[in-house]
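One structure below.
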Amino acid sequence: MRLSPHVPDLSALDLLLSVIELGSLGRAAEAHGISQPSVSSRIRYLEKLVGVPVLERTTLGSRPTPAGALIAEWAQEVLDSAHQLDVGIQALRDSRHSRLRVAASQTIAEYLFPRWLVALRGRTSTTTVALESGNSSEVGAAVLEGRAEIGFIESPRAPKGLHSQPVAKDRLVVVVAPDHPWARRGTISLDELAESQLIQRESGSGTRTAFERAVLKQLPDWQASAALELSSTTAIKSAVAGGVGPAVLSSLAVAAELASGSLRSPAVTGLELDRVLRAVWPTGHRPTGPARDLVAIARQSAAPRSTGTPGRRL
């Protein structure tokens with residue numbers, strides 16, 4: 001049902017009630033945080049809509065006309081209902097924000113998200129967080145399909161239909177077993193790395209995508225050759241430690257192994273493998289509530305950049 005054009009909006013009715021309750025335009029203006037001319041203008045517009053005067057201006061202030069008193073009585077019922085509507089909408093928003101669905105790539109999910117979650121719970125302890133972990137392509141699909149409200153990826157670009165925002169930095173490193181020939185060398189060349197068969201993550205992995213793009217930037221004709229493809233960073237680390245071959249992984253994922261000496265990391269000359277980790281969400285829909293808080297926490301939390309071999313740069 002369409003409303004008549006003579007029905008004032010809620011803010012005008014609210015101003016009318018304030019003028020009547022407080023006795024003057026000036027006091028109503030102060031209560032609403034606006035200027036007195038603005039209140040006068042809104043009241044004149046209300047009178048134009050309803051077609052009758054609603055206030056009498058006197059030397060002592062303003063008081064309602066008989067018609068104004070009747071409109072104010074009706075307006076109070078409308079505003080009471082509007083308040084109930086506002087409370088109900090807020091309850092729905094609170095209910096929606098009581099559960100946050102997040103998708104994150106494996107490296108982020110395992111090595112960064114736990115401390116982000118601790119910080120989030122410090123801000124909103126009533127929110128239940130559900131985390132879906134996968135590679136960066138799977139994370140993008142989860143957000144696009146609505147299974148997650150916010151996602152975190154390692155790949156250089158966000159999938160079409162998603163907006164991305166940098167939240168942290170990371171570095172990829174080459175890792176080998178302690179008895180691998182590269183382990184006894186301080187550096188290896190880019191050509192040596194490019195000619196090696198590596199243990200790789202599956203297609204769609206942000207780590208694999210970032211590494212391959214970095215090499216192709218230097219060697220446009222290079223073709224990747226994987227000795228083994230595994231979908232788990234933990235499985236790759238075990239294969240490397242077992243002597244299957246070298247791999248390129250996040251410095252976050254191998255920090256403990258490099259510190260203990262169970263893996264070694266030679267530097268690579270002529271190759272830059274710093275990368276940006278990103279939050280993603282559907283284009284045109286900015287995060288709200290706990291999702292917005294989580295993005296802010298991720299941006300404020302600096303990602304460790306230890307390779308286990310201080311002073312070496314890829």
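Just so we're on the same page: first chain in the structure tokens is A, next is B, and so on; residues restart at 1 for each chain, and ligands are numbered from 1 in the order they show up.
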Within 10 Å of range 204-207 of chain A using only C-alpha atoms, minus same-chain residues under 6 positions, as a list in words: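 Answer for this query is Ser105, Gln106, Thr107, Gly134, Asn135, Ser136, Ser137, Glu138, Val139, Ile153, Glu154, Ser155, Pro156, Arg157, Arg171, Leu172, Ser231, Thr233, Val248, Leu249, Ser250, Arg275 and Leu277 of chain A.
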Save the residues we just selected, C-alpha atoms, as a PDB file, in the first residue's frame?
```pdb
ATOM      1  CA  SER A 105      44.231 -20.623   2.608  1.00  0.00           C
ATOM      2  CA  GLN A 106      46.150 -23.319   4.453  1.00  0.00           C
ATOM      3  CA  THR A 107      49.186 -21.221   5.400  1.00  0.00           C
ATOM      4  CA  GLY A 134      41.650 -24.809   1.417  1.00  0.00           C
ATOM      5  CA  ASN A 135      43.875 -23.453  -1.308  1.00  0.00           C
ATOM      6  CA  SER A 136      43.429 -19.879  -2.533  1.00  0.00           C
ATOM      7  CA  SER A 137      41.181 -20.892  -5.430  1.00  0.00           C
ATOM      8  CA  GLU A 138      38.904 -22.823  -3.077  1.00  0.00           C
ATOM      9  CA  VAL A 139      38.787 -19.866  -0.696  1.00  0.00           C
ATOM     10  CA  ILE A 153      44.222 -15.813   0.180  1.00  0.00           C
ATOM     11  CA  GLU A 154      47.901 -16.050  -0.760  1.00  0.00           C
ATOM     12  CA  SER A 155      47.587 -15.739  -4.528  1.00  0.00           C
ATOM     13  CA  PRO A 156      48.751 -12.509  -6.216  1.00  0.00           C
ATOM     14  CA  ARG A 157      45.302 -11.644  -7.579  1.00  0.00           C
ATOM     15  CA  ARG A 171      58.149 -14.543   1.949  1.00  0.00           C
ATOM     16  CA  LEU A 172      58.527 -17.807   0.112  1.00  0.00           C
ATOM     17  CA  SER A 231      47.735 -30.830  -1.320  1.00  0.00           C
ATOM     18  CA  THR A 233      52.020 -28.233   3.387  1.00  0.00           C
ATOM     19  CA  VAL A 248      59.220 -23.666  -2.150  1.00  0.00           C
ATOM     20  CA  LEU A 249      57.042 -22.888   0.865  1.00  0.00           C
ATOM     21  CA  SER A 250      55.963 -19.981   3.035  1.00  0.00           C
ATOM     22  CA  ARG A 275      54.350 -11.681  -1.436  1.00  0.00           C
ATOM     23  CA  LEU A 277      48.450 -11.881   1.765  1.00  0.00           C
TER      24      LEU A 277
END
```
Polymer residues at most 10 Å from Ala168 in chain A, only C-alpha atoms, same-chain spacing of 2 or more positions, as a count of residues only: 18
Shortest interatomic distance to Ala67 in chain A - which of A:Gly151, A:Glu47, A:Ile188, A:Asp80, counting only C-alpha atoms: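 Going through A:Gly151, A:Glu47, A:Ile188, A:Asp80 one by one, the smallest distance to Ala67 in chain A is for A:Glu47.
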Residue set, range 187-300 of chain A restricted to strand (DSSP E), as a VMD selection string: chain A and resid 187 to 189 198 to 201 226 to 230 247 to 250 267 to 269 274 to 282
From A:Arg44, A:Arg27, A:His6, A:Arg264, residue lying nearest Gly61 in chain A [only C-alpha atoms]: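 Looking at the shortest contact to Gly61 in chain A, the residue is A:Arg27.
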Atomic distance CA of Leu85 in chain A - CA of Ala29 in chain A, expressed in Å with one decimal: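 A separation of 25.1 Å between them.
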Those of range 182-276 of chain A in DSSP helix (DSSP H, G or I), formatted as a PyMOL selection string: chain A and resi 182-184+190-195+206-218+233-241+251-260
Output C-alpha atoms of each residue in that selection to a file, as a tab-separated table (two decimals), in the first residue's frame.
```tsv
chain	number	residue	atom	x	y	z
A	182	TRP	CA	72.05	-27.34	-1.70
A	183	ALA	CA	72.03	-27.51	2.12
A	184	ARG	CA	75.83	-27.05	2.21
A	190	LEU	CA	67.77	-19.02	-10.34
A	191	ASP	CA	68.70	-21.30	-13.25
A	192	GLU	CA	69.47	-24.16	-10.87
A	193	LEU	CA	66.11	-23.75	-9.16
A	194	ALA	CA	64.24	-23.43	-12.46
A	195	GLU	CA	65.82	-26.64	-13.81
A	206	GLY	CA	48.46	-19.45	-3.74
A	207	THR	CA	52.01	-20.51	-2.85
A	208	ARG	CA	52.46	-22.32	-6.17
A	209	THR	CA	50.90	-19.47	-8.16
A	210	ALA	CA	53.10	-16.82	-6.50
A	211	PHE	CA	56.25	-18.87	-7.06
A	212	GLU	CA	55.53	-19.66	-10.71
A	213	ARG	CA	54.69	-16.04	-11.52
A	214	ALA	CA	57.91	-14.85	-9.87
A	215	VAL	CA	60.03	-17.26	-11.93
A	216	LEU	CA	58.19	-16.49	-15.18
A	217	LYS	CA	58.82	-12.80	-14.60
A	218	GLN	CA	62.55	-13.53	-14.82
A	233	THR	CA	52.02	-28.23	3.39
A	234	THR	CA	52.72	-30.74	6.15
A	235	ALA	CA	53.01	-33.55	3.59
A	236	ILE	CA	55.39	-31.46	1.49
A	237	LYS	CA	57.62	-30.76	4.49
A	238	SER	CA	57.75	-34.48	5.28
A	239	ALA	CA	58.64	-35.31	1.68
A	240	VAL	CA	61.40	-32.70	1.63
A	241	ALA	CA	62.82	-33.93	4.94
A	251	SER	CA	58.50	-18.83	5.61
A	252	LEU	CA	55.62	-19.00	8.10
A	253	ALA	CA	55.15	-22.71	7.45
A	254	VAL	CA	58.80	-23.74	7.85
A	255	ALA	CA	60.05	-21.41	10.58
A	256	ALA	CA	60.11	-24.17	13.23
A	257	GLU	CA	61.87	-26.67	10.93
A	258	LEU	CA	64.51	-24.15	9.88
A	259	ALA	CA	65.13	-23.23	13.51
A	260	SER	CA	65.57	-26.88	14.51
```
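Proximity to Leu100 in chain A was assessed for A:Thr127, A:Ser189, A:Ser24, A:Ser265 counting only C-alpha atoms; the smallest distance is recorded for A:Thr127.
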